$ cat input_36.pdb   # PDB, C-alpha atoms
ATOM      1  CA  MET S  12     125.611  41.056  32.293
ATOM      2  CA  PRO S  13     128.828  40.986  30.301
ATOM      3  CA  SER S  14     129.426  38.173  27.884
ATOM      4  CA  PRO S  15     131.914  35.493  28.989
ATOM      5  CA  ALA S  16     134.463  36.811  26.444
ATOM      6  CA  SER S  17     134.411  40.393  27.810
ATOM      7  CA  PRO S  18     136.182  41.366  31.034
ATOM      8  CA  ALA S  19     134.111  40.935  34.190
ATOM      9  CA  ARG S  20     132.568  44.192  35.328
ATOM     10  CA  ARG S  21     129.853  44.708  37.903
ATOM     11  CA  GLN S  22     126.576  46.168  36.698
ATOM     12  CA  PRO S  23     123.766  47.598  38.818
ATOM     13  CA  ALA S  24     120.524  45.685  39.013
ATOM     14  CA  ASP S  25     118.290  46.281  36.039
ATOM     15  CA  ALA S  26     115.069  48.150  36.809
ATOM     16  CA  ALA S  27     113.117  45.297  35.200
ATOM     17  CA  PHE S  28     114.735  42.827  37.635
ATOM     18  CA  LEU S  29     113.769  44.990  40.599
ATOM     19  CA  ALA S  30     110.204  45.311  39.299
ATOM     20  CA  ARG S  31     109.926  41.528  38.778
ATOM     21  CA  ARG S  32     111.323  40.873  42.238
ATOM     22  CA  LEU S  33     108.800  43.243  43.851
ATOM     23  CA  ALA S  34     105.944  41.790  41.788
ATOM     24  CA  ALA S  35     106.818  38.282  42.992
ATOM     25  CA  ILE S  36     106.186  39.182  46.643
ATOM     26  CA  ALA S  37     102.834  37.990  47.956
ATOM     27  CA  TRP S  38     101.865  41.178  49.810
ATOM     28  CA  LEU S  39      99.083  40.600  52.330
ATOM     29  CA  GLU S  40      98.154  44.260  51.964
ATOM     30  CA  PRO S  41      99.536  47.095  49.851
ATOM     31  CA  PRO S  42     103.053  47.817  51.121
ATOM     32  CA  SER S  43     104.006  51.063  52.757
ATOM     33  CA  PRO S  44     106.584  53.181  50.922
ATOM     34  CA  ARG S  45     109.119  52.195  53.592
ATOM     35  CA  LEU S  46     108.510  48.476  53.125
ATOM     36  CA  ARG S  47     108.595  48.806  49.340
ATOM     37  CA  LEU S  48     111.943  50.621  49.581
ATOM     38  CA  VAL S  49     113.360  47.960  51.910
ATOM     39  CA  GLU S  50     112.277  45.154  49.573
ATOM     40  CA  THR S  51     113.836  47.009  46.640
ATOM     41  CA  CYS S  52     117.072  47.224  48.607
ATOM     42  CA  ARG S  53     116.903  43.516  49.417
ATOM     43  CA  ALA S  54     116.493  42.836  45.703
ATOM     44  CA  GLU S  55     119.584  44.969  45.010
ATOM     45  CA  LEU S  56     121.562  42.859  47.476
ATOM     46  CA  GLU S  57     120.206  39.647  45.996
ATOM     47  CA  TRP S  58     121.363  40.849  42.568
ATOM     48  CA  ALA S  59     124.806  41.711  43.940
ATOM     49  CA  VAL S  60     125.320  38.233  45.420
ATOM     50  CA  ALA S  61     124.035  36.498  42.283
ATOM     51  CA  GLU S  62     126.259  38.597  40.056
ATOM     52  CA  TRP S  63     129.252  37.983  42.329
ATOM     53  CA  ARG S  64     128.656  34.238  42.059
ATOM     54  CA  TRP S  65     128.406  34.495  38.275
ATOM     55  CA  LEU S  66     131.502  36.657  37.845
ATOM     56  CA  SER S  67     133.657  34.758  40.321
ATOM     57  CA  SER S  68     132.391  31.331  39.228
ATOM     58  CA  ASP S  69     131.612  30.531  42.851
ATOM     59  CA  PRO S  70     128.778  28.033  43.304
ATOM     60  CA  GLU S  71     126.459  28.315  46.263
ATOM     61  CA  GLU S  72     127.858  25.162  47.847
ATOM     62  CA  GLN S  73     131.106  26.929  48.721
ATOM     63  CA  ASP S  74     129.189  29.353  50.940
ATOM     64  CA  ARG S  75     128.226  26.592  53.370
ATOM     65  CA  GLY S  76     131.731  25.992  54.737
ATOM     66  CA  ARG S  77     132.679  29.681  54.919
ATOM     67  CA  GLY S  78     132.061  30.169  58.627
ATOM     68  CA  TRP S  79     131.501  33.534  60.305
ATOM     69  CA  GLY S  80     132.256  36.923  58.915
ATOM     70  CA  PRO S  81     131.055  39.005  56.002
ATOM     71  CA  HIS S  82     130.081  37.358  52.756
ATOM     72  CA  PRO S  83     132.884  37.667  50.164
ATOM     73  CA  SER S  84     130.509  39.465  47.787
ATOM     74  CA  GLU S  85     130.330  42.454  50.149
ATOM     75  CA  ALA S  86     133.742  43.644  49.000
ATOM     76  CA  TRP S  87     132.391  43.833  45.425
ATOM     77  CA  ARG S  88     129.337  45.913  46.275
ATOM     78  CA  LEU S  89     128.718  49.040  44.270
ATOM     79  CA  PRO S  90     128.075  52.302  46.163
ATOM     80  CA  HIS S  91     124.283  52.114  45.779
ATOM     81  CA  GLU S  92     124.357  48.493  46.983
ATOM     82  CA  ARG S  93     126.263  49.580  50.083
ATOM     83  CA  ALA S  94     123.568  52.196  50.650
ATOM     84  CA  ALA S  95     120.911  49.494  50.127
ATOM     85  CA  ALA S  96     122.579  47.364  52.798
ATOM     86  CA  ARG S  97     122.470  50.330  55.199
ATOM     87  CA  VAL S  98     118.754  50.793  54.478
ATOM     88  CA  VAL S  99     118.028  47.132  55.260
ATOM     89  CA  ASN S 100     120.164  47.285  58.419
ATOM     90  CA  CYS S 101     118.384  50.411  59.691
ATOM     91  CA  HIS S 102     115.012  48.853  58.871
ATOM     92  CA  LEU S 103     115.895  45.812  60.992
ATOM     93  CA  HIS S 104     116.889  48.072  63.890
ATOM     94  CA  LEU S 105     113.575  49.922  63.540
ATOM     95  CA  ASP S 106     111.615  46.672  63.546
ATOM     96  CA  VAL S 107     113.395  45.328  66.620
ATOM     97  CA  ALA S 108     112.859  48.561  68.524
ATOM     98  CA  GLN S 109     109.174  48.672  67.572
ATOM     99  CA  PHE S 110     108.664  45.004  68.491
ATOM    100  CA  ARG S 111     110.281  45.551  71.898
ATOM    101  CA  LEU S 112     108.232  48.714  72.489
ATOM    102  CA  ASN S 113     104.998  46.882  71.738
ATOM    103  CA  ALA S 114     105.952  44.060  74.107
ATOM    104  CA  LEU S 115     106.999  46.499  76.841
ATOM    105  CA  LEU S 116     103.764  48.488  76.529
ATOM    106  CA  ARG S 117     101.699  45.299  76.958
ATOM    107  CA  LYS S 118     103.868  44.363  79.953
ATOM    108  CA  LEU S 119     103.478  47.834  81.479
ATOM    109  CA  ARG S 120      99.690  47.702  81.257
ATOM    110  CA  GLY S 121      99.667  44.422  83.181
ATOM    111  CA  GLN S 122     102.107  45.715  85.783
ATOM    112  CA  ARG S 123     100.103  48.887  86.352
ATOM    113  CA  ALA S 124      96.889  46.899  86.654
ATOM    114  CA  ALA S 125      98.541  44.609  89.224
ATOM    115  CA  ALA S 126      99.853  47.627  91.168
ATOM    116  CA  LEU S 127      96.302  48.999  91.459
ATOM    117  CA  ARG S 128      94.620  45.795  92.683
ATOM    118  CA  LEU S 129      93.125  46.691  96.036
ATOM    119  CA  ASP S 130      92.400  43.055  96.874
ATOM    120  CA  GLN S 131      96.160  42.401  97.218
ATOM    121  CA  SER S 132      98.570  43.375  99.974
ATOM    122  CA  ALA S 133     100.539  46.614 100.003
ATOM    123  CA  ALA S 134     103.772  44.655  99.436
ATOM    124  CA  TRP S 135     102.229  43.080  96.306
ATOM    125  CA  ARG S 136     101.150  46.455  94.967
ATOM    126  CA  LEU S 137     104.545  48.008  95.763
ATOM    127  CA  TYR S 138     106.355  45.165  93.971
ATOM    128  CA  TRP S 139     104.300  45.709  90.795
ATOM    129  CA  ALA S 140     104.634  49.493  91.019
ATOM    130  CA  ASP S 141     108.446  49.093  91.164
ATOM    131  CA  ALA S 142     108.331  46.663  88.217
ATOM    132  CA  ALA S 143     106.258  49.175  86.244
ATOM    133  CA  ALA S 144     108.803  51.923  86.987
ATOM    134  CA  GLY S 145     111.569  49.679  85.624
ATOM    135  CA  THR S 146     109.552  48.937  82.508
ATOM    136  CA  GLU S 147     108.970  52.664  81.984
ATOM    137  CA  GLY S 148     112.762  53.124  81.971
ATOM    138  CA  ASP S 149     113.089  50.343  79.390
ATOM    139  CA  ILE S 150     110.440  52.048  77.248
ATOM    140  CA  ARG S 151     112.364  55.339  77.359
ATOM    141  CA  GLU S 152     115.510  53.484  76.264
ATOM    142  CA  TYR S 153     113.772  51.802  73.318
ATOM    143  CA  LEU S 154     112.114  55.058  72.287
ATOM    144  CA  GLY S 155     115.596  56.555  72.035
ATOM    145  CA  ARG S 156     116.818  53.571  70.035
ATOM    146  CA  ARG S 157     113.863  53.858  67.685
ATOM    147  CA  ARG S 158     114.446  57.595  67.171
ATOM    148  CA  LEU S 159     118.102  56.953  66.336
ATOM    149  CA  ALA S 160     117.253  54.073  63.979
ATOM    150  CA  TRP S 161     114.627  56.217  62.251
ATOM    151  CA  ARG S 162     117.092  59.087  61.713
ATOM    152  CA  CYS S 163     119.671  56.646  60.321
ATOM    153  CA  PHE S 164     117.019  55.038  58.088
ATOM    154  CA  ARG S 165     116.065  58.399  56.601
ATOM    155  CA  VAL S 166     119.692  59.265  55.842
ATOM    156  CA  ALA S 167     120.423  55.829  54.347
ATOM    157  CA  SER S 168     117.216  55.933  52.291
ATOM    158  CA  ALA S 169     118.014  59.364  50.882
ATOM    159  CA  ASP S 170     121.523  58.191  50.003
ATOM    160  CA  TYR S 171     120.238  55.063  48.258
ATOM    161  CA  LEU S 172     117.519  56.922  46.342
ATOM    162  CA  ARG S 173     120.020  59.589  45.230
ATOM    163  CA  LEU S 174     122.495  56.983  43.960
ATOM    164  CA  ARG S 175     119.787  54.912  42.288
ATOM    165  CA  ALA S 176     118.413  58.021  40.524
ATOM    166  CA  MET S 177     121.899  58.765  39.218
ATOM    167  CA  ILE S 178     122.103  55.247  37.795
ATOM    168  CA  GLU S 179     118.691  55.539  36.134
ATOM    169  CA  GLN S 180     119.716  58.878  34.562
ATOM    170  CA  GLY S 181     123.037  57.458  33.378
ATOM    171  CA  ASN S 182     125.011  60.013  35.427
ATOM    172  CA  PHE S 183     126.751  57.427  37.551
ATOM    173  CA  THR S 184     130.052  55.857  36.536
ATOM    174  CA  LEU S 185     130.715  52.502  38.101
ATOM    175  CA  ALA S 186     134.195  52.115  39.491
ATOM    176  CA  ALA S 187     134.045  48.443  40.470
TER     177      ALA S 187
END
$ encode --input "input_36.pdb" --output "structure tokens"
Amino acid sequence: MPSPASPARRQPADAAFLARRLAAIAWLEPPSPRLRLVETCRAELEWAVAEWRWLSSDPEEQDRGRGWGPHPSEAWRLPHERAAARVVNCHLHLDVAQFRLNALLRKLRGQRAAALRLDQSAAWRLYWADAAAGTEGDIREYLGRRRLAWRCFRVASADYLRLRAMIEQGNFTLAA
């Protein structure tokens, strides 16, 4: 961080800060590389907001009355922080798609079982067979969403890792 006498200039998150932030997480099990990357990106964004508050002398209390819209610190993000935000966004889309797929698969199993119950009327079985066909369509839709989110996540991750490596090597000039 620059001293108060020097001009304000954004700095990327220090590697030690990122390591401390990851070490502070109470992992229930060892994290996957994807989850570790996402948490690193969240730490980058946390750093960006904290540094914005420090440089702009904006206390947290002013955020409460801001209303809707992007946080003012987003305009100050460095390129690798923008990439980190894309990684987190894609991760959230992946999680939502996977959650919905899991729920739909459980629902489909129940619908198929109901459609095969011979102790029920033909109308009952037809109703559940139609419901299962609709759920299969929903599953196809969410599989497509998950594929798209996964492709976007891979691109965003590669972009973030490339920019972060440039920072670590000192080959990255900050223009903020």
$ resolve_selection --input "input_36.pdb" --expression "the PyMOL selection byres ((chain S and resi 137) around 12)" --output "count of residues only"
21
$ atom_distance --input "input_36.pdb" --atom1 "CA of Glu57 (chain S)" --atom2 "CA of Cys163 (chain S)"
22.2 Å
$ resolve_selection --input "input_36.pdb" --expression "the PyMOL selection byres ((chain S and resi 84) around 10)" --output "ChimeraX atom specification"
/S:56,59-64,67,81-83,85-88
$ write_last_selection --input "input_36.pdb" --atoms "C-alpha atoms" --output "compact mmCIF listing (two decimals), in the coordinates of the input"
# COMPACT_ATOMS: atom_id res chain seq x y z
CA LEU S 56 121.56 42.86 47.48
CA ALA S 59 124.81 41.71 43.94
CA VAL S 60 125.32 38.23 45.42
CA ALA S 61 124.04 36.50 42.28
CA GLU S 62 126.26 38.60 40.06
CA TRP S 63 129.25 37.98 42.33
CA ARG S 64 128.66 34.24 42.06
CA SER S 67 133.66 34.76 40.32
CA PRO S 81 131.06 39.01 56.00
CA HIS S 82 130.08 37.36 52.76
CA PRO S 83 132.88 37.67 50.16
CA GLU S 85 130.33 42.45 50.15
CA ALA S 86 133.74 43.64 49.00
CA TRP S 87 132.39 43.83 45.42
CA ARG S 88 129.34 45.91 46.28
$ atom_distance --input "input_36.pdb" --atom1 "CA of Gly121 (chain S)" --atom2 "CA of Leu103 (chain S)"
27.5 Å
$ resolve_selection --input "input_36.pdb" --expression "the PyMOL selection byres ((chain S and resi 105) around 12)" --output "PyMOL selection string"
chain S and resi 45-46+49+98-104+106-112+153-165
$ atom_distance --input "input_36.pdb" --atom1 "CA of Ala35 (chain S)" --atom2 "CA of Pro23 (chain S)"
19.8 Å
$ closest_residue --input "input_36.pdb" --among "S:Glu55, S:Asp25, S:Glu179, S:Asp130" --to "Arg97 (chain S)" --atoms "all atoms listed in the file"
S:Glu55
$ closest_residue --input "input_36.pdb" --among "S:Leu66, S:Leu116, S:Ala94, S:Ile178" --to "Ala24 (chain S)" --atoms "all atoms listed in the file"
S:Ile178
$ closest_residue --input "input_36.pdb" --among "S:Met177, S:Ala167, S:Leu89, S:Leu115" --to "Gln22 (chain S)" --atoms "only C-alpha atoms"
S:Leu89
$ residues_around --input "input_36.pdb" --residues "Leu174 (chain S)" --least-positions-apart "4" --cutoff "8 Å" --atoms "only C-alpha atoms" --output "list of chain:residue names"
S:Pro90, S:His91, S:Asp170, S:Ile178, S:Phe183
$ closest_residue --input "input_36.pdb" --among "S:Ala169, S:Gly80, S:Glu147, S:Arg47" --to "Arg117 (chain S)" --atoms "only C-alpha atoms"
S:Glu147
$ closest_residue --input "input_36.pdb" --among "S:Ala95, S:Ala54, S:Ala176, S:Ile150" --to "Phe28 (chain S)" --atoms "all atoms listed in the file"
S:Ala54
$ closest_residue --input "input_36.pdb" --among "S:Glu152, S:Thr146, S:Gln180, S:Arg21" --to "Lys118 (chain S)" --atoms "only C-alpha atoms"
S:Thr146
$ build_atoms --input "input_36.pdb" --residues "region 166-177 of chain S" --atoms "all heavy atoms" --output "CSV table (one decimal), in the coordinates of the input"
chain,number,residue,atom,x,y,z
S,166,VAL,N,118.4,58.9,56.5
S,166,VAL,CA,119.7,59.3,55.8
S,166,VAL,C,120.1,58.2,54.8
S,166,VAL,O,120.4,58.5,53.7
S,166,VAL,CB,120.8,59.5,56.9
S,166,VAL,CG1,122.2,59.6,56.2
S,166,VAL,CG2,120.5,60.7,57.7
S,167,ALA,N,120.0,56.9,55.2
S,167,ALA,CA,120.4,55.8,54.3
S,167,ALA,C,119.5,55.8,53.2
S,167,ALA,O,119.9,55.5,52.0
S,167,ALA,CB,120.4,54.5,55.1
S,168,SER,N,118.2,56.0,53.4
S,168,SER,CA,117.2,55.9,52.3
S,168,SER,C,117.5,57.0,51.3
S,168,SER,O,117.4,56.8,50.1
S,168,SER,CB,115.8,56.1,52.8
S,168,SER,OG,115.5,55.0,53.7
S,169,ALA,N,117.7,58.2,51.8
S,169,ALA,CA,118.0,59.4,50.9
S,169,ALA,C,119.3,59.1,50.1
S,169,ALA,O,119.3,59.4,48.9
S,169,ALA,CB,118.2,60.7,51.7
S,170,ASP,N,120.3,58.5,50.7
S,170,ASP,CA,121.5,58.2,50.0
S,170,ASP,C,121.3,57.1,48.9
S,170,ASP,O,121.7,57.3,47.8
S,170,ASP,CB,122.6,57.7,51.0
S,170,ASP,CG,123.9,57.6,50.4
S,170,ASP,OD1,124.3,58.4,49.5
S,170,ASP,OD2,124.7,56.7,50.9
S,171,TYR,N,120.5,56.1,49.2
S,171,TYR,CA,120.2,55.1,48.3
S,171,TYR,C,119.4,55.6,47.1
S,171,TYR,O,119.7,55.4,45.9
S,171,TYR,CB,119.5,53.9,48.9
S,171,TYR,CG,118.9,53.0,47.9
S,171,TYR,CD1,119.8,52.1,47.2
S,171,TYR,CD2,117.6,53.0,47.5
S,171,TYR,CE1,119.3,51.2,46.2
S,171,TYR,CE2,117.1,52.1,46.6
S,171,TYR,CZ,117.9,51.3,45.9
S,171,TYR,OH,117.4,50.4,44.9
S,172,LEU,N,118.4,56.4,47.4
S,172,LEU,CA,117.5,56.9,46.3
S,172,LEU,C,118.3,57.9,45.4
S,172,LEU,O,118.1,57.9,44.2
S,172,LEU,CB,116.3,57.6,46.9
S,172,LEU,CG,115.3,56.7,47.6
S,172,LEU,CD1,114.3,57.4,48.4
S,172,LEU,CD2,114.7,55.7,46.6
S,173,ARG,N,119.2,58.7,46.0
S,173,ARG,CA,120.0,59.6,45.2
S,173,ARG,C,120.9,58.8,44.3
S,173,ARG,O,121.0,59.1,43.1
S,173,ARG,CB,120.9,60.5,46.2
S,173,ARG,CG,121.8,61.4,45.5
S,173,ARG,CD,122.6,62.2,46.5
S,173,ARG,NE,123.4,61.4,47.3
S,173,ARG,CZ,124.6,60.8,47.0
S,173,ARG,NH1,125.1,61.1,45.8
S,173,ARG,NH2,125.3,60.1,47.8
S,174,LEU,N,121.6,57.8,44.8
S,174,LEU,CA,122.5,57.0,44.0
S,174,LEU,C,121.7,56.2,42.9
S,174,LEU,O,122.2,56.1,41.7
S,174,LEU,CB,123.3,56.0,44.8
S,174,LEU,CG,124.3,56.7,45.8
S,174,LEU,CD1,124.9,55.7,46.7
S,174,LEU,CD2,125.4,57.4,44.9
S,175,ARG,N,120.6,55.7,43.3
S,175,ARG,CA,119.8,54.9,42.3
S,175,ARG,C,119.3,55.8,41.2
S,175,ARG,O,119.2,55.5,40.0
S,175,ARG,CB,118.6,54.2,43.0
S,175,ARG,CG,117.9,53.2,42.1
S,175,ARG,CD,118.8,52.0,41.8
S,175,ARG,NE,118.3,51.4,40.6
S,175,ARG,CZ,118.8,50.4,40.0
S,175,ARG,NH1,119.9,49.8,40.5
S,175,ARG,NH2,118.4,49.9,38.9
S,176,ALA,N,118.9,57.1,41.5
S,176,ALA,CA,118.4,58.0,40.5
S,176,ALA,C,119.5,58.4,39.6
S,176,ALA,O,119.3,58.5,38.4
S,176,ALA,CB,117.9,59.3,41.2
S,177,MET,N,120.8,58.5,40.1
S,177,MET,CA,121.9,58.8,39.2
S,177,MET,C,122.1,57.6,38.2
S,177,MET,O,122.4,57.9,37.1
S,177,MET,CB,123.2,59.0,40.1
S,177,MET,CG,123.1,60.3,40.8
S,177,MET,SD,124.5,60.5,42.0
S,177,MET,CE,125.9,60.6,40.9
